[in-house]
file target-v2.pdb (PDB, C-alpha atoms and all ligand atoms)
ATOM      1  CA  MET A  29      10.148  -4.924  -5.979  1.00  0.00           C
ATOM      2  CA  LEU A  30       7.667  -6.102  -3.381  1.00  0.00           C
ATOM      3  CA  ILE A  31       7.886  -4.665   0.128  1.00  0.00           C
ATOM      4  CA  LYS A  32       7.430  -7.225   2.908  1.00  0.00           C
ATOM      5  CA  ASP A  33       8.804  -5.473   5.974  1.00  0.00           C
ATOM      6  CA  LEU A  34       5.816  -4.824   8.253  1.00  0.00           C
ATOM      7  CA  GLU A  35       7.258  -1.740   9.968  1.00  0.00           C
ATOM      8  CA  LEU A  36       8.113  -0.179   6.635  1.00  0.00           C
ATOM      9  CA  ILE A  37       4.662  -0.972   5.288  1.00  0.00           C
ATOM     10  CA  GLU A  38       3.029   0.753   8.251  1.00  0.00           C
ATOM     11  CA  LYS A  39       5.304   3.766   7.870  1.00  0.00           C
ATOM     12  CA  LEU A  40       4.743   4.064   4.116  1.00  0.00           C
ATOM     13  CA  SER A  41       0.993   3.605   4.513  1.00  0.00           C
ATOM     14  CA  LYS A  42       0.850   6.513   6.968  1.00  0.00           C
ATOM     15  CA  ARG A  43       2.966   8.623   4.642  1.00  0.00           C
ATOM     16  CA  ASN A  44       0.745   7.698   1.670  1.00  0.00           C
ATOM     17  CA  GLU A  45      -2.533   8.263   3.465  1.00  0.00           C
ATOM     18  CA  ASP A  46      -3.647  11.335   1.470  1.00  0.00           C
ATOM     19  CA  LYS A  47      -2.602   9.747  -1.798  1.00  0.00           C
ATOM     20  CA  ASN A  48      -4.442   6.530  -0.928  1.00  0.00           C
ATOM     21  CA  TRP A  49      -7.677   8.417  -0.345  1.00  0.00           C
ATOM     22  CA  ARG A  50      -7.195  10.329  -3.593  1.00  0.00           C
ATOM     23  CA  PHE A  51      -6.610   7.008  -5.338  1.00  0.00           C
ATOM     24  CA  ARG A  52      -9.794   5.655  -3.795  1.00  0.00           C
ATOM     25  CA  SER A  53     -11.770   8.586  -5.250  1.00  0.00           C
ATOM     26  CA  TYR A  54     -10.135   8.003  -8.612  1.00  0.00           C
ATOM     27  CA  LEU A  55     -10.941   4.278  -8.552  1.00  0.00           C
ATOM     28  CA  LYS A  56     -14.556   4.982  -7.629  1.00  0.00           C
ATOM     29  CA  MET A  57     -14.911   6.868 -10.922  1.00  0.00           C
ATOM     30  CA  GLN A  58     -13.681   3.883 -12.959  1.00  0.00           C
ATOM     31  CA  GLU A  59     -15.613   0.931 -14.314  1.00  0.00           C
ATOM     32  CA  GLY A  60     -15.555  -1.652 -11.497  1.00  0.00           C
ATOM     33  CA  LYS A  61     -15.279  -4.659 -13.812  1.00  0.00           C
ATOM     34  CA  GLU A  62     -12.255  -3.143 -15.555  1.00  0.00           C
ATOM     35  CA  ILE A  63     -10.537  -2.622 -12.218  1.00  0.00           C
ATOM     36  CA  ASP A  64     -11.257  -6.234 -11.228  1.00  0.00           C
ATOM     37  CA  LEU A  65      -9.576  -7.375 -14.448  1.00  0.00           C
ATOM     38  CA  LEU A  66      -6.540  -5.218 -13.670  1.00  0.00           C
ATOM     39  CA  VAL A  67      -6.338  -6.358 -10.043  1.00  0.00           C
ATOM     40  CA  LYS A  68      -6.536 -10.088 -10.800  1.00  0.00           C
ATOM     41  CA  PRO A  69      -3.057 -10.644 -12.328  1.00  0.00           C
ATOM     42  CA  ILE A  70      -1.473  -8.189  -9.900  1.00  0.00           C
ATOM     43  CA  TYR A  71      -2.989 -10.049  -6.965  1.00  0.00           C
ATOM     44  CA  GLU A  72      -1.906 -13.430  -8.332  1.00  0.00           C
ATOM     45  CA  PHE A  73       1.658 -12.202  -8.823  1.00  0.00           C
ATOM     46  CA  VAL A  74       1.870 -10.612  -5.368  1.00  0.00           C
ATOM     47  CA  LYS A  75       0.281 -13.596  -3.625  1.00  0.00           C
ATOM     48  CA  LYS A  76       2.718 -15.987  -5.291  1.00  0.00           C
ATOM     49  CA  ASN A  77       5.646 -13.930  -4.029  1.00  0.00           C
ATOM     50  CA  ILE A  78       4.589 -13.325  -0.438  1.00  0.00           C
ATOM     51  CA  ASP A  79       4.626 -16.179   2.028  1.00  0.00           C
ATOM     52  CA  CYS A  80       1.973 -15.792   4.726  1.00  0.00           C
ATOM     53  CA  LEU A  81       3.973 -18.144   6.953  1.00  0.00           C
ATOM     54  CA  GLU A  82       6.652 -15.468   7.130  1.00  0.00           C
ATOM     55  CA  CYS A  83       4.076 -12.906   8.192  1.00  0.00           C
ATOM     56  CA  GLY A  84       0.961 -13.892  10.163  1.00  0.00           C
ATOM     57  CA  ASN A  85       0.223 -10.229  10.764  1.00  0.00           C
ATOM     58  CA  CYS A  86      -3.526 -10.442  10.034  1.00  0.00           C
ATOM     59  CA  CYS A  87      -3.830 -13.089  12.758  1.00  0.00           C
ATOM     60  CA  ARG A  88      -2.061 -10.755  15.175  1.00  0.00           C
ATOM     61  CA  LYS A  89      -3.797  -7.511  14.244  1.00  0.00           C
ATOM     62  CA  LEU A  90      -7.264  -8.469  13.037  1.00  0.00           C
ATOM     63  CA  ARG A  91      -9.915 -10.790  14.279  1.00  0.00           C
ATOM     64  CA  PRO A  92     -12.323 -12.951  12.331  1.00  0.00           C
ATOM     65  CA  ILE A  93     -15.934 -12.231  13.306  1.00  0.00           C
ATOM     66  CA  ILE A  94     -16.464 -15.490  15.302  1.00  0.00           C
ATOM     67  CA  LEU A  95     -13.266 -15.242  17.376  1.00  0.00           C
ATOM     68  CA  LYS A  96     -12.497 -12.916  20.236  1.00  0.00           C
ATOM     69  CA  GLY A  97      -9.367 -10.944  20.919  1.00  0.00           C
ATOM     70  CA  ASN A  98      -6.115 -10.587  19.105  1.00  0.00           C
ATOM     71  CA  PRO A  99      -3.605 -11.897  18.509  1.00  0.00           C
ATOM     72  CA  CYS A 100      -5.764 -14.887  17.680  1.00  0.00           C
ATOM     73  CA  ILE A 101      -5.592 -17.689  20.264  1.00  0.00           C
ATOM     74  CA  PHE A 102      -4.951 -20.209  17.463  1.00  0.00           C
ATOM     75  CA  LEU A 103      -1.835 -18.458  16.238  1.00  0.00           C
ATOM     76  CA  ASN A 104       1.371 -20.310  17.065  1.00  0.00           C
ATOM     77  CA  GLY A 105       4.360 -18.351  15.794  1.00  0.00           C
ATOM     78  CA  ASN A 106       3.134 -17.445  12.330  1.00  0.00           C
ATOM     79  CA  LYS A 107       1.122 -20.656  11.936  1.00  0.00           C
ATOM     80  CA  CYS A 108      -2.566 -21.300  12.459  1.00  0.00           C
ATOM     81  CA  GLU A 109      -3.178 -24.313  14.704  1.00  0.00           C
ATOM     82  CA  ILE A 110      -6.598 -24.910  13.156  1.00  0.00           C
ATOM     83  CA  TYR A 111      -5.540 -24.146   9.587  1.00  0.00           C
ATOM     84  CA  LYS A 112      -7.671 -26.818   7.902  1.00  0.00           C
ATOM     85  CA  SER A 113     -10.794 -25.772   9.767  1.00  0.00           C
ATOM     86  CA  ARG A 114     -10.101 -22.059  10.132  1.00  0.00           C
ATOM     87  CA  PRO A 115     -13.107 -19.739   9.709  1.00  0.00           C
ATOM     88  CA  ASN A 116     -14.156 -18.766   6.176  1.00  0.00           C
ATOM     89  CA  ASP A 117     -13.294 -15.182   7.012  1.00  0.00           C
ATOM     90  CA  CYS A 118      -9.672 -16.293   7.506  1.00  0.00           C
ATOM     91  CA  LYS A 119      -9.681 -18.450   4.396  1.00  0.00           C
ATOM     92  CA  SER A 120     -10.700 -15.633   2.124  1.00  0.00           C
ATOM     93  CA  PHE A 121      -8.559 -12.881   3.698  1.00  0.00           C
ATOM     94  CA  PRO A 122      -7.447 -10.463   2.244  1.00  0.00           C
ATOM     95  CA  HIS A 123     -10.470 -10.872  -0.046  1.00  0.00           C
ATOM     96  CA  LEU A 124      -8.700  -9.557  -3.149  1.00  0.00           C
ATOM     97  CA  GLN A 125      -9.706 -12.607  -5.191  1.00  0.00           C
ATOM     98  CA  LYS A 126     -13.329 -11.456  -4.937  1.00  0.00           C
ATOM     99  CA  ARG A 127     -15.104  -9.286  -7.474  1.00  0.00           C
ATOM    100  CA  GLY A 128     -15.996  -5.724  -6.603  1.00  0.00           C
ATOM    101  CA  PHE A 129     -12.580  -4.338  -5.642  1.00  0.00           C
ATOM    102  CA  THR A 130     -13.869  -0.769  -5.962  1.00  0.00           C
ATOM    103  CA  THR A 131     -16.742  -1.491  -3.566  1.00  0.00           C
ATOM    104  CA  ARG A 132     -14.364  -2.441  -0.740  1.00  0.00           C
ATOM    105  CA  LEU A 133     -11.802   0.349  -0.896  1.00  0.00           C
ATOM    106  CA  ILE A 134     -12.138   1.591   2.671  1.00  0.00           C
ATOM    107  CA  GLY A 135     -11.268  -1.875   3.996  1.00  0.00           C
ATOM    108  CA  ILE A 136      -8.513  -2.251   1.416  1.00  0.00           C
ATOM    109  CA  ILE A 137      -6.855   0.982   2.542  1.00  0.00           C
ATOM    110  CA  GLU A 138      -7.177  -0.136   6.166  1.00  0.00           C
ATOM    111  CA  TYR A 139      -5.732  -3.596   5.440  1.00  0.00           C
ATOM    112  CA  SER A 140      -2.927  -2.152   3.315  1.00  0.00           C
ATOM    113  CA  MET A 141      -1.393  -0.852   6.566  1.00  0.00           C
ATOM    114  CA  ILE A 142      -1.001  -4.335   8.025  1.00  0.00           C
ATOM    115  CA  CYS A 143      -0.990  -6.819   5.148  1.00  0.00           C
ATOM    116  CA  PRO A 144       1.936  -6.989   2.709  1.00  0.00           C
ATOM    117  CA  ILE A 145      -0.279  -8.583   0.046  1.00  0.00           C
ATOM    118  CA  VAL A 146      -2.821  -5.770   0.157  1.00  0.00           C
ATOM    119  CA  PHE A 147      -0.149  -3.084   0.432  1.00  0.00           C
ATOM    120  CA  ASN A 148       1.722  -4.321  -2.629  1.00  0.00           C
ATOM    121  CA  VAL A 149      -1.391  -4.924  -4.732  1.00  0.00           C
ATOM    122  CA  PHE A 150      -2.565  -1.375  -4.016  1.00  0.00           C
ATOM    123  CA  GLU A 151       0.848   0.081  -4.854  1.00  0.00           C
ATOM    124  CA  GLU A 152       1.187  -1.997  -8.041  1.00  0.00           C
ATOM    125  CA  LEU A 153      -2.292  -0.935  -9.103  1.00  0.00           C
ATOM    126  CA  LYS A 154      -1.268   2.732  -8.755  1.00  0.00           C
ATOM    127  CA  ILE A 155       1.711   2.020 -11.006  1.00  0.00           C
ATOM    128  CA  ALA A 156      -0.394   0.113 -13.552  1.00  0.00           C
ATOM    129  CA  MET A 157      -2.845   3.013 -13.714  1.00  0.00           C
ATOM    130  CA  LYS A 158      -0.060   5.620 -13.748  1.00  0.00           C
ATOM    131  CA  PHE A 159      -1.620   7.276 -10.722  1.00  0.00           C
ATOM    132  CA  ARG A 160       0.515   9.953  -9.043  1.00  0.00           C
TER
HETATM  133  S1  LIG B 201      -8.090 -18.914  13.152  1.00  0.00           S
HETATM  134 FE1  LIG B 201      -6.080 -19.225  12.248  1.00  0.00          FE
HETATM  135  S2  LIG B 201      -6.118 -18.068  10.325  1.00  0.00           S
HETATM  136 FE2  LIG B 201      -7.819 -17.324  11.600  1.00  0.00          FE
HETATM  137  S3  LIG B 201      -7.013 -15.555  12.740  1.00  0.00           S
HETATM  138 FE3  LIG B 201      -6.733 -17.384  14.015  1.00  0.00          FE
HETATM  139  S4  LIG B 201      -4.659 -18.075  13.573  1.00  0.00           S
HETATM  140 FE4  LIG B 201      -5.267 -16.708  11.904  1.00  0.00          FE
HETATM  141  S1  LIG B 202      -2.800 -12.410   4.441  1.00  0.00           S
HETATM  142 FE1  LIG B 202      -1.454 -10.617   4.561  1.00  0.00          FE
HETATM  143  S2  LIG B 202      -1.274 -10.097   6.750  1.00  0.00           S
HETATM  144 FE2  LIG B 202      -2.094 -12.187   6.571  1.00  0.00          FE
HETATM  145  S3  LIG B 202      -0.313 -13.494   6.744  1.00  0.00           S
HETATM  146 FE3  LIG B 202      -0.702 -13.175   4.548  1.00  0.00          FE
HETATM  147  S4  LIG B 202       0.556 -11.410   3.997  1.00  0.00           S
HETATM  148 FE4  LIG B 202       0.413 -11.434   6.221  1.00  0.00          FE
END
call {"tool": "encode", "arguments": {"input": "target-v2.pdb", "output": "structure tokens"}}
result
Amino acid sequence: MLIKDLELIEKLSKRNEDKNWRFRSYLKMQEGKEIDLLVKPIYEFVKKNIDCLECGNCCRKLRPIILKGNPCIFLNGNKCEIYKSRPNDCKSFPHLQKRGFTTRLIGIIEYSMICPIVFNVFEELKIAMKFR
């Protein structure tokens, strides 16, 4: 079951911190292309089942490189007022569709604390790899 509650995600991420760093070390020892193949269907499943319009947390907590301050000035409720012309950084967030998952693990652990998509992909990947 996917977890979407932002407070719970933050709490669980803090509780899992040691395990997440151990998992990072474990992933670094794996073949990067194999991990990308594992991540792809997990990401697609999670993304399909989490509605960013019910969240908007990245726009409140993070900031794309060309914009200043957060929450973002273009955020209205959970909606982006410049959605069609939003920066590329916003379009590709949380970047899990890109190759090289194992090369971005520090950011992934950081984003897992605030983004339900990243949190759930990381947790599902642990399950898929039987990591304890
Ligand atoms: S520009 Fe839009 S998508 Fe990007 S951070 Fe601001 S509100 Fe979010
Ligand atoms: S990308 Fe993540 S943090 Fe941003 S709105 Fe979607 S689920 Fe929330």
call {"tool": "residues_around", "arguments": {"input": "target-v2.pdb", "residues": "Asp117 (chain A)", "least_positions_apart": "2", "cutoff": "10 Å", "atoms": "only C-alpha atoms", "output": "list in words"}}
result
Arg91, Pro92, Ile93, Ile94, Arg114, Pro115, Lys119, Ser120, Phe121, Pro122 and His123 of chain A
call {"tool": "resolve_selection", "arguments": {"input": "target-v2.pdb", "expression": "the PyMOL selection byres (((not hetatm)) within 9 of (chain B and resi 201))", "output": "JSON, numbers by chain"}}
result
{"A": [84, 85, 86, 87, 88, 89, 90, 91, 92, 95, 98, 99, 100, 101, 102, 103, 104, 106, 107, 108, 109, 110, 111, 112, 113, 114, 115, 116, 117, 118, 119, 121]}
call {"tool": "resolve_selection", "arguments": {"input": "target-v2.pdb", "expression": "the PyMOL selection byres (((chain A and resi 54-56) around 10) and not hetatm)", "output": "number ranges by chain"}}
result
A: 48-53, 57-60, 63, 129-131, 133, 154, 157, 159
call {"tool": "write_last_selection", "arguments": {"input": "target-v2.pdb", "atoms": "C-alpha atoms", "output": "PDB file, keeping the file's coordinate frame"}}
result
ATOM      1  CA  ASN A  48      -4.442   6.530  -0.928  1.00  0.00           C
ATOM      2  CA  TRP A  49      -7.677   8.417  -0.345  1.00  0.00           C
ATOM      3  CA  ARG A  50      -7.195  10.329  -3.593  1.00  0.00           C
ATOM      4  CA  PHE A  51      -6.610   7.008  -5.338  1.00  0.00           C
ATOM      5  CA  ARG A  52      -9.794   5.655  -3.795  1.00  0.00           C
ATOM      6  CA  SER A  53     -11.770   8.586  -5.250  1.00  0.00           C
ATOM      7  CA  MET A  57     -14.911   6.868 -10.922  1.00  0.00           C
ATOM      8  CA  GLN A  58     -13.681   3.883 -12.959  1.00  0.00           C
ATOM      9  CA  GLU A  59     -15.613   0.931 -14.314  1.00  0.00           C
ATOM     10  CA  GLY A  60     -15.555  -1.652 -11.497  1.00  0.00           C
ATOM     11  CA  ILE A  63     -10.537  -2.622 -12.218  1.00  0.00           C
ATOM     12  CA  PHE A 129     -12.580  -4.338  -5.642  1.00  0.00           C
ATOM     13  CA  THR A 130     -13.869  -0.769  -5.962  1.00  0.00           C
ATOM     14  CA  THR A 131     -16.742  -1.491  -3.566  1.00  0.00           C
ATOM     15  CA  LEU A 133     -11.802   0.349  -0.896  1.00  0.00           C
ATOM     16  CA  LYS A 154      -1.268   2.732  -8.755  1.00  0.00           C
ATOM     17  CA  MET A 157      -2.845   3.013 -13.714  1.00  0.00           C
ATOM     18  CA  PHE A 159      -1.620   7.276 -10.722  1.00  0.00           C
TER      19      PHE A 159
END
call {"tool": "atom_distance", "arguments": {"input": "target-v2.pdb", "atom1": "CA of Lys76 (chain A)", "atom2": "CA of Lys96 (chain A)"}}
result
29.9 Å
call {"tool": "closest_residue", "arguments": {"input": "target-v2.pdb", "among": "A:Glu62, A:Gly135, A:Ser140, A:Cys83", "to": "Asn44 (chain A)", "atoms": "all atoms listed in the file"}}
result
A:Ser140
call {"tool": "atom_distance", "arguments": {"input": "target-v2.pdb", "atom1": "atom S3 of ligand LIG 202 (chain B)", "atom2": "CA of Cys143 (chain A)"}}
result
6.9 Å
call {"tool": "atom_distance", "arguments": {"input": "target-v2.pdb", "atom1": "CA of Glu82 (chain A)", "atom2": "CA of Val67 (chain A)"}}
result
23.4 Å
call {"tool": "decode", "arguments": {"input": "target-v2.pdb", "residues": "region 57-92 of chain A", "atoms": "C-alpha atoms", "output": "mmCIF file, in the first residue's frame"}}
result
data_model
loop_
_atom_site.group_PDB
_atom_site.id
_atom_site.type_symbol
_atom_site.label_atom_id
_atom_site.label_comp_id
_atom_site.auth_asym_id
_atom_site.auth_seq_id
_atom_site.Cartn_x
_atom_site.Cartn_y
_atom_site.Cartn_z
ATOM 1 C CA MET A 57 27.570 -2.068 -5.205
ATOM 2 C CA GLN A 58 24.972 -3.173 -7.775
ATOM 3 C CA GLU A 59 25.021 -2.853 -11.540
ATOM 4 C CA GLY A 60 23.482 0.572 -12.251
ATOM 5 C CA LYS A 61 21.680 -0.526 -15.418
ATOM 6 C CA GLU A 62 20.024 -3.413 -13.571
ATOM 7 C CA ILE A 63 18.770 -1.041 -10.895
ATOM 8 C CA ASP A 64 17.375 1.305 -13.560
ATOM 9 C CA LEU A 65 15.440 -1.628 -15.025
ATOM 10 C CA LEU A 66 14.049 -2.475 -11.587
ATOM 11 C CA VAL A 67 13.151 1.135 -10.776
ATOM 12 C CA LYS A 68 11.306 1.815 -14.041
ATOM 13 C CA PRO A 69 8.133 -0.270 -13.461
ATOM 14 C CA ILE A 70 8.073 0.641 -9.773
ATOM 15 C CA TYR A 71 8.242 4.328 -10.638
ATOM 16 C CA GLU A 72 5.532 4.003 -13.288
ATOM 17 C CA PHE A 73 3.230 2.204 -10.856
ATOM 18 C CA VAL A 74 3.817 4.699 -8.038
ATOM 19 C CA LYS A 75 3.470 7.727 -10.313
ATOM 20 C CA LYS A 76 0.175 6.434 -11.690
ATOM 21 C CA ASN A 77 -1.195 6.085 -8.168
ATOM 22 C CA ILE A 78 -0.085 9.379 -6.650
ATOM 23 C CA ASP A 79 -1.746 12.589 -7.730
ATOM 24 C CA CYS A 80 0.609 15.570 -7.534
ATOM 25 C CA LEU A 81 -2.415 17.878 -7.394
ATOM 26 C CA GLU A 82 -3.206 16.402 -3.993
ATOM 27 C CA CYS A 83 0.317 17.128 -2.816
ATOM 28 C CA GLY A 84 2.332 20.058 -4.203
ATOM 29 C CA ASN A 85 4.929 19.504 -1.507
ATOM 30 C CA CYS A 86 7.975 19.897 -3.786
ATOM 31 C CA CYS A 87 6.707 23.356 -4.760
ATOM 32 C CA ARG A 88 6.426 24.251 -1.082
ATOM 33 C CA LYS A 89 9.675 22.726 0.149
ATOM 34 C CA LEU A 90 12.094 22.878 -2.770
ATOM 35 C CA ARG A 91 13.013 25.500 -5.269
ATOM 36 C CA PRO A 92 13.910 25.132 -8.918
#
